[in-house]
>>> print(open('start.txt').read())   # compact mmCIF, C-alpha atoms and all ligand atoms
# COMPACT_ATOMS: atom_id res chain seq x y z
CA MET D 29 -166.47 177.34 291.72
CA LYS D 30 -163.21 177.58 293.58
CA LEU D 31 -162.52 181.06 295.02
CA PRO D 32 -159.98 182.89 292.84
CA VAL D 33 -157.88 183.56 295.95
CA ASN D 34 -157.46 179.80 296.45
CA PHE D 35 -156.71 178.87 292.85
CA TYR D 36 -152.91 178.93 293.22
CA LYS D 37 -152.71 177.56 296.77
CA PRO D 38 -151.17 174.10 297.20
CA LEU D 39 -153.92 171.53 297.83
CA SER D 40 -151.96 169.85 300.60
CA ILE D 41 -149.71 171.26 303.32
CA GLY D 42 -146.12 170.92 302.16
CA ALA D 43 -146.94 170.31 298.48
CA PRO D 44 -145.07 172.60 296.07
CA ALA D 45 -146.89 175.76 295.00
CA PRO D 46 -148.60 175.36 291.61
CA PHE D 47 -146.91 177.00 288.64
CA ARG D 48 -148.37 180.36 287.68
CA GLU D 49 -146.96 179.92 284.20
CA LEU D 50 -146.07 176.65 282.52
CA PRO D 51 -142.34 175.95 282.43
CA VAL D 52 -140.85 176.58 279.00
CA ALA D 53 -140.37 173.29 277.16
CA LEU D 54 -140.00 172.09 273.62
CA GLU D 55 -142.60 169.35 273.10
CA ARG D 56 -142.76 168.69 269.37
CA MET D 57 -143.29 164.99 269.88
CA ILE D 58 -144.46 162.89 272.82
CA HIS D 59 -142.81 159.58 272.08
CA PHE D 60 -144.59 156.57 273.55
CA PHE D 61 -142.79 153.51 274.94
CA PRO D 62 -144.25 150.41 276.59
CA GLY D 63 -142.54 150.04 279.97
CA HIS D 64 -142.79 146.23 280.02
CA ASN D 65 -140.94 145.73 276.74
CA GLU D 66 -137.31 144.97 277.66
CA LYS D 67 -136.04 145.45 274.10
CA VAL D 68 -137.54 148.92 273.88
CA ARG D 69 -136.36 149.81 277.36
CA ALA D 70 -132.79 148.82 276.49
CA ARG D 71 -132.79 151.56 273.83
CA ILE D 72 -134.14 154.38 276.00
CA GLY D 73 -130.66 155.83 276.61
CA GLU D 74 -130.14 156.43 272.90
CA MET D 75 -133.73 157.73 272.47
CA ILE D 76 -133.44 160.45 275.13
CA PRO D 77 -131.44 162.95 273.04
CA LYS D 78 -133.56 162.22 269.93
CA VAL D 79 -136.97 163.22 271.28
CA ASP D 80 -138.45 166.16 273.17
CA VAL D 81 -140.66 164.05 275.45
CA LEU D 82 -140.54 160.35 276.36
CA LEU D 83 -143.77 158.88 277.71
CA GLY D 84 -144.14 155.54 279.45
CA ASN D 85 -147.47 154.12 278.36
CA LEU D 86 -149.39 152.15 280.97
CA GLU D 87 -152.86 152.39 279.41
CA ASP D 88 -154.34 151.13 276.12
CA ALA D 89 -152.07 148.83 274.09
CA ILE D 90 -150.69 147.38 277.34
CA PRO D 91 -152.37 144.00 277.95
CA ALA D 92 -154.19 143.61 281.28
CA ASP D 93 -151.69 140.99 282.44
CA ALA D 94 -148.74 143.31 281.73
CA LYS D 95 -150.05 146.42 283.55
CA GLU D 96 -147.92 145.90 286.65
CA ALA D 97 -144.85 145.06 284.56
CA ALA D 98 -145.34 148.22 282.46
CA ARG D 99 -145.55 150.31 285.64
CA ALA D 100 -142.47 148.68 287.16
CA GLY D 101 -140.61 149.06 283.87
CA PHE D 102 -141.47 152.74 283.70
CA ILE D 103 -140.27 153.31 287.27
CA ALA D 104 -137.01 151.45 286.59
CA THR D 105 -136.47 153.46 283.39
CA ALA D 106 -137.06 156.72 285.22
CA LYS D 107 -134.50 155.74 287.87
CA GLU D 108 -131.87 154.47 285.44
CA HIS D 109 -131.51 157.56 283.26
CA ASP D 110 -130.76 161.24 283.40
CA PHE D 111 -133.28 162.81 281.05
CA GLY D 112 -131.59 166.21 280.81
CA ASN D 113 -133.98 168.59 279.09
CA THR D 114 -136.04 165.76 277.58
CA GLY D 115 -139.44 165.61 279.27
CA LEU D 116 -140.44 162.46 281.15
CA TRP D 117 -144.17 161.74 281.08
CA VAL D 118 -146.36 158.77 281.92
CA ARG D 119 -149.81 157.82 280.62
CA ILE D 120 -151.58 156.20 283.55
CA ASN D 121 -154.69 154.04 283.40
CA PRO D 122 -158.09 155.75 283.54
CA LEU D 123 -159.85 156.71 286.75
CA ASN D 124 -162.38 153.89 286.50
CA SER D 125 -159.73 151.17 286.18
CA PRO D 126 -158.33 148.96 288.94
CA TRP D 127 -154.75 150.11 288.15
CA MET D 128 -154.99 153.88 288.28
CA LEU D 129 -154.54 154.36 292.02
CA ASP D 130 -151.42 152.18 292.20
CA ASP D 131 -150.08 153.83 289.05
CA VAL D 132 -150.16 157.23 290.74
CA MET D 133 -149.17 156.09 294.25
CA GLU D 134 -146.17 154.04 293.16
CA ILE D 135 -144.90 156.43 290.53
CA VAL D 136 -144.97 159.49 292.78
CA ALA D 137 -143.45 157.52 295.67
CA GLU D 138 -140.62 156.11 293.57
CA VAL D 139 -139.86 158.70 290.91
CA GLY D 140 -142.04 161.73 291.70
CA ASN D 141 -139.07 164.06 291.41
CA LYS D 142 -138.34 162.90 287.86
CA VAL D 143 -141.78 162.86 286.27
CA ASP D 144 -142.83 166.12 284.61
CA VAL D 145 -146.33 165.29 283.44
CA ILE D 146 -149.00 162.64 284.06
CA MET D 147 -151.24 162.04 281.06
CA LEU D 148 -154.77 161.19 282.21
CA PRO D 149 -156.90 159.35 279.65
CA LYS D 150 -160.67 159.49 279.12
CA VAL D 151 -161.21 162.72 281.05
CA GLU D 152 -164.93 163.48 281.17
CA GLY D 153 -165.13 166.70 283.16
CA ASP D 154 -163.30 168.98 285.57
CA TRP D 155 -164.18 166.61 288.44
CA ASP D 156 -161.69 164.10 287.04
CA ILE D 157 -158.93 166.71 287.11
CA HIS D 158 -159.88 167.82 290.64
CA TYR D 159 -159.57 164.25 291.91
CA LEU D 160 -156.10 163.70 290.46
CA ASP D 161 -155.05 167.22 291.44
CA GLN D 162 -155.88 166.58 295.11
CA LEU D 163 -154.34 163.12 295.13
CA LEU D 164 -151.11 164.40 293.58
CA ALA D 165 -150.88 167.22 296.12
CA GLN D 166 -151.23 164.75 298.99
CA LEU D 167 -148.55 162.50 297.54
CA GLU D 168 -146.27 165.43 296.71
CA SER D 169 -146.31 166.53 300.32
CA ARG D 170 -145.85 162.98 301.64
CA TYR D 171 -142.84 162.32 299.36
CA LYS D 172 -141.40 165.85 299.43
CA ILE D 173 -141.71 166.40 295.70
CA GLU D 174 -139.96 169.60 294.71
CA LYS D 175 -141.96 170.81 291.72
CA PRO D 176 -145.60 170.19 290.86
CA ILE D 177 -146.33 167.21 288.60
CA LEU D 178 -148.51 168.51 285.79
CA ILE D 179 -151.63 166.90 284.32
CA HIS D 180 -152.21 166.43 280.60
CA ALA D 181 -155.75 165.35 279.69
CA ILE D 182 -156.69 163.21 276.70
CA LEU D 183 -159.86 164.50 275.04
CA GLU D 184 -161.43 161.28 273.87
CA THR D 185 -165.03 160.98 275.06
CA ALA D 186 -168.17 162.81 273.97
CA GLN D 187 -168.64 164.00 277.58
CA GLY D 188 -165.11 165.33 277.62
CA VAL D 189 -165.71 167.29 274.44
CA LYS D 190 -168.88 168.76 275.95
CA ASN D 191 -166.88 169.84 279.02
CA VAL D 192 -163.61 170.74 277.32
CA GLU D 193 -163.54 174.35 278.54
CA GLU D 194 -164.06 173.39 282.20
CA ILE D 195 -161.36 170.71 281.89
CA ALA D 196 -158.87 173.21 280.46
CA ALA D 197 -159.59 175.66 283.28
CA ALA D 198 -159.79 173.09 286.09
CA SER D 199 -156.44 173.64 287.80
CA PRO D 200 -153.08 175.39 287.55
CA ARG D 201 -151.72 171.86 287.33
CA MET D 202 -153.12 171.56 283.79
CA HIS D 203 -150.34 171.26 281.23
CA GLY D 204 -152.42 170.72 278.11
CA MET D 205 -154.61 168.35 276.16
CA SER D 206 -154.33 165.84 273.34
CA LEU D 207 -157.05 164.80 270.95
CA GLY D 208 -157.60 161.02 271.19
CA PRO D 209 -159.40 160.18 267.96
CA ALA D 210 -159.54 156.41 268.48
CA ASP D 211 -161.41 156.42 271.78
CA LEU D 212 -163.44 159.44 270.73
CA ALA D 213 -164.64 157.57 267.64
CA ALA D 214 -165.71 154.68 269.87
CA SER D 215 -167.37 156.98 272.42
CA ARG D 216 -169.36 158.69 269.67
CA ARG D 217 -170.23 155.44 267.93
CA MET D 218 -168.59 156.69 264.77
CA LYS D 219 -168.48 154.05 262.03
CA THR D 220 -164.72 153.85 261.65
CA THR D 221 -161.90 151.64 262.86
CA ARG D 222 -159.08 154.15 262.29
CA VAL D 223 -156.71 155.91 264.69
CA GLY D 224 -156.80 159.52 263.48
CA GLY D 225 -156.50 160.68 259.90
CA GLY D 226 -159.28 161.11 257.36
CA HIS D 227 -161.86 158.69 256.04
CA PRO D 228 -162.51 158.06 252.34
CA PHE D 229 -166.29 158.17 252.82
CA TYR D 230 -166.42 161.50 254.67
CA ARG D 231 -166.57 163.94 251.78
CA VAL D 232 -168.34 166.86 250.18
CA LEU D 233 -169.71 166.46 246.66
CA GLU D 234 -169.82 169.26 244.12
CA ASP D 235 -173.28 170.24 242.76
CA PRO D 236 -174.54 168.23 239.76
CA LYS D 237 -173.26 169.54 236.41
CA GLU D 238 -175.69 170.45 233.64
CA ASP D 239 -173.68 168.43 231.14
CA GLY D 240 -173.74 165.42 233.46
CA SER D 241 -169.94 165.34 233.74
CA PRO D 242 -168.42 163.72 236.83
CA ARG D 243 -168.71 165.78 240.01
CA ILE D 244 -165.59 166.57 241.99
CA SER D 245 -165.64 165.42 245.60
CA ALA D 246 -163.07 165.93 248.33
CA GLN D 247 -162.35 164.17 251.57
CA GLN D 248 -163.05 166.33 254.63
CA ASP D 249 -161.55 166.27 258.10
CA LEU D 250 -163.74 164.28 260.51
CA TRP D 251 -161.96 165.79 263.49
CA HIS D 252 -161.89 169.45 262.62
CA TYR D 253 -164.74 170.61 264.84
CA THR D 254 -163.54 168.84 267.98
CA PHE D 255 -159.96 169.65 267.33
CA ALA D 256 -160.58 173.37 266.85
CA LYS D 257 -162.76 173.42 269.97
CA MET D 258 -159.95 171.80 271.94
CA VAL D 259 -157.29 174.19 270.63
CA ASP D 260 -159.45 177.21 271.57
CA ALA D 261 -160.13 175.82 275.06
CA CYS D 262 -156.42 175.21 275.63
CA VAL D 263 -155.12 178.47 274.29
CA ALA D 264 -157.80 180.49 276.09
CA ASN D 265 -156.49 178.96 279.34
CA ASP D 266 -152.81 179.25 278.44
CA ILE D 267 -152.27 175.50 278.30
CA ARG D 268 -150.89 173.48 275.39
CA PRO D 269 -152.84 171.68 272.66
CA PHE D 270 -151.53 168.53 270.94
CA TYR D 271 -152.72 166.17 268.28
CA GLY D 272 -152.79 162.59 269.57
CA PRO D 273 -151.92 159.45 267.63
CA PHE D 274 -151.76 158.65 263.93
CA GLY D 275 -152.17 154.89 263.74
CA ASP D 276 -151.32 154.04 260.13
CA ILE D 277 -147.58 153.81 260.71
CA ALA D 278 -146.80 152.90 257.08
CA ASP D 279 -148.56 156.00 255.71
CA SER D 280 -146.01 158.66 256.53
CA ASP D 281 -147.53 161.17 254.04
CA ALA D 282 -150.89 161.13 255.79
CA CYS D 283 -149.16 161.28 259.19
CA GLU D 284 -147.22 164.33 258.05
CA GLN D 285 -150.42 165.98 256.79
CA GLN D 286 -152.19 165.37 260.11
CA PHE D 287 -149.23 166.80 262.04
CA ARG D 288 -149.01 169.79 259.67
CA ASN D 289 -152.68 170.65 260.06
CA ALA D 290 -152.23 170.47 263.83
CA TYR D 291 -149.15 172.71 263.70
CA LEU D 292 -150.95 175.30 261.57
CA MET D 293 -153.94 175.26 263.90
CA GLY D 294 -151.73 176.12 266.89
CA CYS D 295 -150.65 172.76 268.33
CA VAL D 296 -147.20 172.49 269.84
CA GLY D 297 -146.73 168.79 269.07
CA ALA D 298 -148.22 165.36 268.46
CA TRP D 299 -147.75 161.80 269.66
CA THR D 300 -145.23 159.54 267.99
CA LEU D 301 -146.05 155.85 268.32
CA HIS D 302 -143.23 154.56 266.14
CA PRO D 303 -139.64 155.81 265.72
CA ASN D 304 -140.45 156.59 262.03
CA GLN D 305 -142.83 159.31 263.16
CA ILE D 306 -140.19 161.18 265.18
CA ALA D 307 -138.48 162.76 262.18
CA ILE D 308 -141.89 163.72 260.78
CA ALA D 309 -142.87 165.51 264.00
CA LYS D 310 -139.49 167.23 264.19
CA ARG D 311 -139.81 168.45 260.62
CA VAL D 312 -143.39 169.64 260.98
CA PHE D 313 -143.35 171.20 264.46
CA SER D 314 -140.10 173.11 263.92
CA PRO D 315 -140.77 176.32 262.02
CA ASP D 316 -139.65 176.46 258.42
CA PRO D 317 -136.33 178.38 258.03
CA ASP D 318 -137.78 180.69 255.34
CA GLU D 319 -140.68 181.58 257.64
CA VAL D 320 -138.30 182.25 260.52
CA ILE D 321 -136.11 184.51 258.40
CA PHE D 322 -139.20 186.38 257.18
CA ALA D 323 -140.53 186.66 260.75
CA GLY D 324 -137.15 188.09 261.79
CA LYS D 325 -137.50 190.78 259.11
CA ILE D 326 -140.94 191.75 260.42
CA LEU D 327 -139.67 192.02 264.01
CA GLU D 328 -136.73 194.09 262.87
CA ALA D 329 -138.85 196.44 260.74
CA MET D 330 -141.32 197.11 263.57
CA PRO D 331 -139.22 197.16 266.76
CA ASP D 332 -142.11 198.13 269.06
CA GLY D 333 -144.67 195.92 267.31
CA THR D 334 -146.87 198.76 266.08
CA GLY D 335 -147.46 200.62 262.84
CA VAL D 336 -147.14 199.33 259.33
CA ALA D 337 -144.29 198.11 257.14
CA MET D 338 -143.94 196.65 253.64
CA ILE D 339 -141.67 193.60 253.42
CA ASP D 340 -141.11 191.83 250.08
CA GLY D 341 -144.30 193.51 248.82
CA LYS D 342 -146.42 192.24 251.74
CA MET D 343 -148.15 194.53 254.22
CA GLN D 344 -147.26 194.00 257.88
CA ASP D 345 -149.00 195.45 260.92
CA ASP D 346 -149.43 194.77 264.65
CA ALA D 347 -151.25 191.47 263.96
CA THR D 348 -148.62 190.03 261.62
CA TRP D 349 -145.95 191.21 264.10
CA LYS D 350 -147.63 188.99 266.73
CA GLN D 351 -147.71 186.04 264.30
CA ALA D 352 -144.04 186.63 263.53
CA LYS D 353 -143.24 186.65 267.25
CA VAL D 354 -144.89 183.24 267.73
CA ILE D 355 -142.75 181.73 264.97
CA TYR D 356 -139.55 183.48 266.04
CA ASP D 357 -139.90 182.51 269.72
CA LEU D 358 -140.56 178.89 268.78
CA ALA D 359 -137.53 178.92 266.47
CA LYS D 360 -135.38 180.14 269.39
CA LYS D 361 -136.53 177.18 271.50
CA VAL D 362 -135.91 174.74 268.67
CA ALA D 363 -132.46 176.23 268.02
CA GLU D 364 -131.41 175.50 271.61
CA ARG D 365 -131.90 171.77 270.97
CA ASP D 366 -131.00 171.56 267.34
CA PRO D 367 -127.74 173.17 266.14
CA GLU D 368 -128.49 172.39 262.46
CA LEU D 369 -131.76 174.27 262.58
CA ALA D 370 -130.12 177.08 264.55
CA THR D 371 -127.80 177.59 261.58
CA ALA D 372 -130.66 177.36 259.07
CA TYR D 373 -132.56 180.01 261.07
CA GLY D 374 -129.51 182.29 260.95
CA PHE D 375 -129.12 182.49 264.76
C1 LIG O 1 -155.74 157.84 272.12
O1 LIG O 1 -155.63 157.47 273.24
C2 LIG O 1 -156.90 157.63 271.32
O2 LIG O 1 -157.82 156.99 271.85
O3 LIG O 1 -156.91 158.06 270.16
MG MG O 2 -157.38 156.49 273.92
>>> encode(input="start.txt", output="structure tokens")
Amino acid sequence: MKLPVNFYKPLSIGAPAPFRELPVALERMIHFFPGHNEKVRARIGEMIPKVDVLLGNLEDAIPADAKEAARAGFIATAKEHDFGNTGLWVRINPLNSPWMLDDVMEIVAEVGNKVDVIMLPKVEGDWDIHYLDQLLAQLESRYKIEKPILIHAILETAQGVKNVEEIAAASPRMHGMSLGPADLAASRRMKTTRVGGGHPFYRVLEDPKEDGSPRISAQQDLWHYTFAKMVDACVANDIRPFYGPFGDIADSDACEQQFRNAYLMGCVGAWTLHPNQIAIAKRVFSPDPDEVIFAGKILEAMPDGTGVAMIDGKMQDDATWKQAKVIYDLAKKVAERDPELATAYGF
């Protein structure tokens, strides 16, 4: 184990000091774009104000013969635009691929001062984070990068799930984690071809009825155990949990449900793979105006966060005050980006 005294020291002379606390950022959706697709790239300027995070995807879904073009396209995009307070992320290829090293080397060299977060897929253990952490520090000092580039891990292998707590605690460079249900299904040899969501065959059946009438059965969430484990690992280490992709683009109801479950469980956002999913993420990961107004009443009734108060017939105490604070603080962040919601929240 690394000595506590060394945890926050830069890993290379001249690299920026690691953050002690993650920078505040609104990250309701991480919107993916393929860097090699000229048509998509031509619309990046108009996308920037519409999303919280834009991510150039270099990994899965990019054909092997387009990997270099996707990387070059991402670098050109990063250079061409001012992203303002929209996050700029990149999903690089995995550590065991022939592209990963050039992904990191070229991106930091060319646009290291613009990239906020590198998403690392197929993370198996803290050793994967340590490798990228060290490499980034060396490149940051070589290219005089001003603020540390953060690492976001995708939790998408059985090994990764086993080691999720060590991954979350691996480095002050850790930004957060996303559940990757497609690769995780493959890694576990699950018998499904879906990207997230439920499965009609994964259900619980009510006990048999004496009168032989049909038994009710309900679909269950295949991902709940892993997802909850990931959220706990992230929050315990003060990093951010996200749901990953929802692949059935046409099924916006099921997408919304997946996002909503993630929001309720403590996630700050989810991936959007298609522009149609952006509005869904915005709706779900922004607190509901009624909840914000109610949270405001709790905070007002208990200014120091202790004691007990009755509001609209409901008992409030220190614990509900803390819940109210989470919602209210998030609403403040959302309001800074979204004037319509600011009005709805009564700010
Ligand atoms: C995402 O990368 C996934 O595999 O679900
Ligand atoms: Mg994956």
>>> atom_distance(input="start.txt", atom1="atom CA of D:Asn141", atom2="atom CA of D:Glu108")
13.4 Å
>>> residues_around(input="start.txt", residues="stretch 266-277 of chain D", least_positions_apart="3", cutoff="10 Å", atoms="only C-alpha atoms", output="NGL selection string")
:D and (49-50 or 55-58 or 60 or 180-184 or 196-197 or 200-210 or 222-225 or 255-256 or 258-263 or 280-284 or 286-287 or 289-291 or 293-305)
>>> residues_near_point(input="start.txt", point="(-165.3, 169.5, 279.0)", cutoff="10 Å", atoms="only C-alpha atoms", output="PyMOL selection string")
chain D and resi 151-155+183+185-198+258+261
>>> residues_near_point(input="start.txt", point="(-137.6, 187.1, 260.6)", cutoff="10 Å", atoms="all atoms listed in the file", output="ChimeraX atom specification")
/D:317-329,349,352-353,355-356,373-374
>>> residues_around(input="start.txt", residues="D:Leu358", least_positions_apart="3", cutoff="9 Å", atoms="all atoms listed in the file", output="JSON, numbers by chain")
{"D": [54, 314, 315, 353, 354, 355, 361, 362, 363]}
>>> atom_distance(input="start.txt", atom1="atom CA of D:Met128", atom2="atom CA of D:Ile157")
13.5 Å
>>> axis_aligned_box(input="start.txt", around="stretch 229-241 of chain D", padding_each_side="3 Å", output="AutoDock Vina command-line options")
--center_x -171.0 --center_y 164.3 --center_z 242.9 --size_x 15.4 --size_y 18.3 --size_z 29.5
>>> closest_residue(input="start.txt", among="D:Thr221, D:Asn124, D:Gln162, D:Thr105", to="ligand LIG 1 (chain O)", atoms="all atoms listed in the file")
D:Thr221
>>> atom_distance(input="start.txt", atom1="atom CA of D:Arg119", atom2="atom CA of D:Ala359")
28.2 Å
>>> closest_residue(input="start.txt", among="D:Ala106, D:Ala53, D:Ile90, D:Ala214", to="ligand LIG 1 (chain O)", atoms="only C-alpha atoms and all ligand atoms")
D:Ala214
>>> closest_residue(input="start.txt", among="D:Lys150, D:Arg217, D:Lys237, D:Arg243", to="ligand LIG 1 (chain O)", atoms="all atoms listed in the file")
D:Lys150
>>> closest_residue(input="start.txt", among="D:Val145, D:Ala309, D:Leu164, D:Ile173", to="D:Lys78", atoms="all atoms listed in the file")
D:Ala309
>>> residues_around(input="start.txt", residues="D:Leu116", least_positions_apart="3", cutoff="6 Å", atoms="only C-alpha atoms", output="PyMOL selection string")
chain D and resi 81-83+143-144
>>> residues_around(input="start.txt", residues="D:Asp88", least_positions_apart="2", cutoff="12 Å", atoms="all atoms listed in the file", output="mmCIF file with C-alpha atoms, in the frame of the given file")
data_model
loop_
_atom_site.group_PDB
_atom_site.id
_atom_site.type_symbol
_atom_site.label_atom_id
_atom_site.label_comp_id
_atom_site.auth_asym_id
_atom_site.auth_seq_id
_atom_site.Cartn_x
_atom_site.Cartn_y
_atom_site.Cartn_z
ATOM 1 C CA PHE D 60 -144.590 156.570 273.550
ATOM 2 C CA PHE D 61 -142.790 153.510 274.940
ATOM 3 C CA PRO D 62 -144.250 150.410 276.590
ATOM 4 C CA GLY D 84 -144.140 155.540 279.450
ATOM 5 C CA ASN D 85 -147.470 154.120 278.360
ATOM 6 C CA LEU D 86 -149.390 152.150 280.970
ATOM 7 C CA ILE D 90 -150.690 147.380 277.340
ATOM 8 C CA PRO D 91 -152.370 144.000 277.950
ATOM 9 C CA ALA D 92 -154.190 143.610 281.280
ATOM 10 C CA ALA D 94 -148.740 143.310 281.730
ATOM 11 C CA LYS D 95 -150.050 146.420 283.550
ATOM 12 C CA ALA D 98 -145.340 148.220 282.460
ATOM 13 C CA ARG D 119 -149.810 157.820 280.620
ATOM 14 C CA ILE D 120 -151.580 156.200 283.550
ATOM 15 C CA ASN D 121 -154.690 154.040 283.400
ATOM 16 C CA PRO D 122 -158.090 155.750 283.540
ATOM 17 C CA SER D 125 -159.730 151.170 286.180
ATOM 18 C CA LEU D 148 -154.770 161.190 282.210
ATOM 19 C CA PRO D 149 -156.900 159.350 279.650
ATOM 20 C CA LYS D 150 -160.670 159.490 279.120
ATOM 21 C CA GLY D 208 -157.600 161.020 271.190
ATOM 22 C CA ALA D 210 -159.540 156.410 268.480
ATOM 23 C CA ASP D 211 -161.410 156.420 271.780
#
>>> closest_residue(input="start.txt", among="D:Lys350, D:Lys360, D:Lys30, D:Lys310", to="D:Val79", atoms="all atoms listed in the file")
D:Lys310
>>> closest_residue(input="start.txt", among="D:Ala97, D:Leu212, D:Ile179, D:Ile72", to="ligand LIG 1 (chain O)", atoms="only C-alpha atoms and all ligand atoms")
D:Leu212
>>> build_atoms(input="start.txt", residues="stretch 283-295 of chain D", atoms="N, CA and C atoms", output="mmCIF file, keeping the file's coordinate frame")
data_model
loop_
_atom_site.group_PDB
_atom_site.id
_atom_site.type_symbol
_atom_site.label_atom_id
_atom_site.label_comp_id
_atom_site.auth_asym_id
_atom_site.auth_seq_id
_atom_site.Cartn_x
_atom_site.Cartn_y
_atom_site.Cartn_z
ATOM 1 N N CYS D 283 -149.586 160.895 257.835
ATOM 2 C CA CYS D 283 -149.160 161.280 259.190
ATOM 3 C C CYS D 283 -148.638 162.720 259.149
ATOM 4 N N GLU D 284 -147.798 162.985 258.158
ATOM 5 C CA GLU D 284 -147.220 164.330 258.050
ATOM 6 C C GLU D 284 -148.320 165.372 257.845
ATOM 7 N N GLN D 285 -149.330 165.024 257.038
ATOM 8 C CA GLN D 285 -150.420 165.980 256.790
ATOM 9 C C GLN D 285 -151.189 166.254 258.086
ATOM 10 N N GLN D 286 -151.455 165.176 258.847
ATOM 11 C CA GLN D 286 -152.190 165.370 260.110
ATOM 12 C C GLN D 286 -151.380 166.267 261.060
ATOM 13 N N PHE D 287 -150.085 165.993 261.161
ATOM 14 C CA PHE D 287 -149.230 166.800 262.040
ATOM 15 C C PHE D 287 -149.210 168.252 261.538
ATOM 16 N N ARG D 288 -149.120 168.425 260.207
ATOM 17 C CA ARG D 288 -149.010 169.790 259.670
ATOM 18 C C ARG D 288 -150.285 170.591 259.946
ATOM 19 N N ASN D 289 -151.428 169.949 259.768
ATOM 20 C CA ASN D 289 -152.680 170.650 260.060
ATOM 21 C C ASN D 289 -152.703 171.068 261.534
ATOM 22 N N ALA D 290 -152.240 170.167 262.394
ATOM 23 C CA ALA D 290 -152.230 170.470 263.830
ATOM 24 C C ALA D 290 -151.287 171.641 264.125
ATOM 25 N N TYR D 291 -150.128 171.620 263.500
ATOM 26 C CA TYR D 291 -149.150 172.710 263.700
ATOM 27 C C TYR D 291 -149.752 174.051 263.255
ATOM 28 N N LEU D 292 -150.378 174.044 262.073
ATOM 29 C CA LEU D 292 -150.950 175.300 261.570
ATOM 30 C C LEU D 292 -152.070 175.807 262.448
ATOM 31 N N MET D 293 -152.812 174.870 263.045
ATOM 32 C CA MET D 293 -153.940 175.260 263.900
ATOM 33 C C MET D 293 -153.485 175.745 265.280
ATOM 34 N N GLY D 294 -152.211 175.593 265.614
ATOM 35 C CA GLY D 294 -151.730 176.120 266.890
ATOM 36 C C GLY D 294 -151.202 175.072 267.854
ATOM 37 N N CYS D 295 -151.170 173.803 267.423
ATOM 38 C CA CYS D 295 -150.650 172.760 268.330
ATOM 39 C C CYS D 295 -149.138 172.858 268.478
#
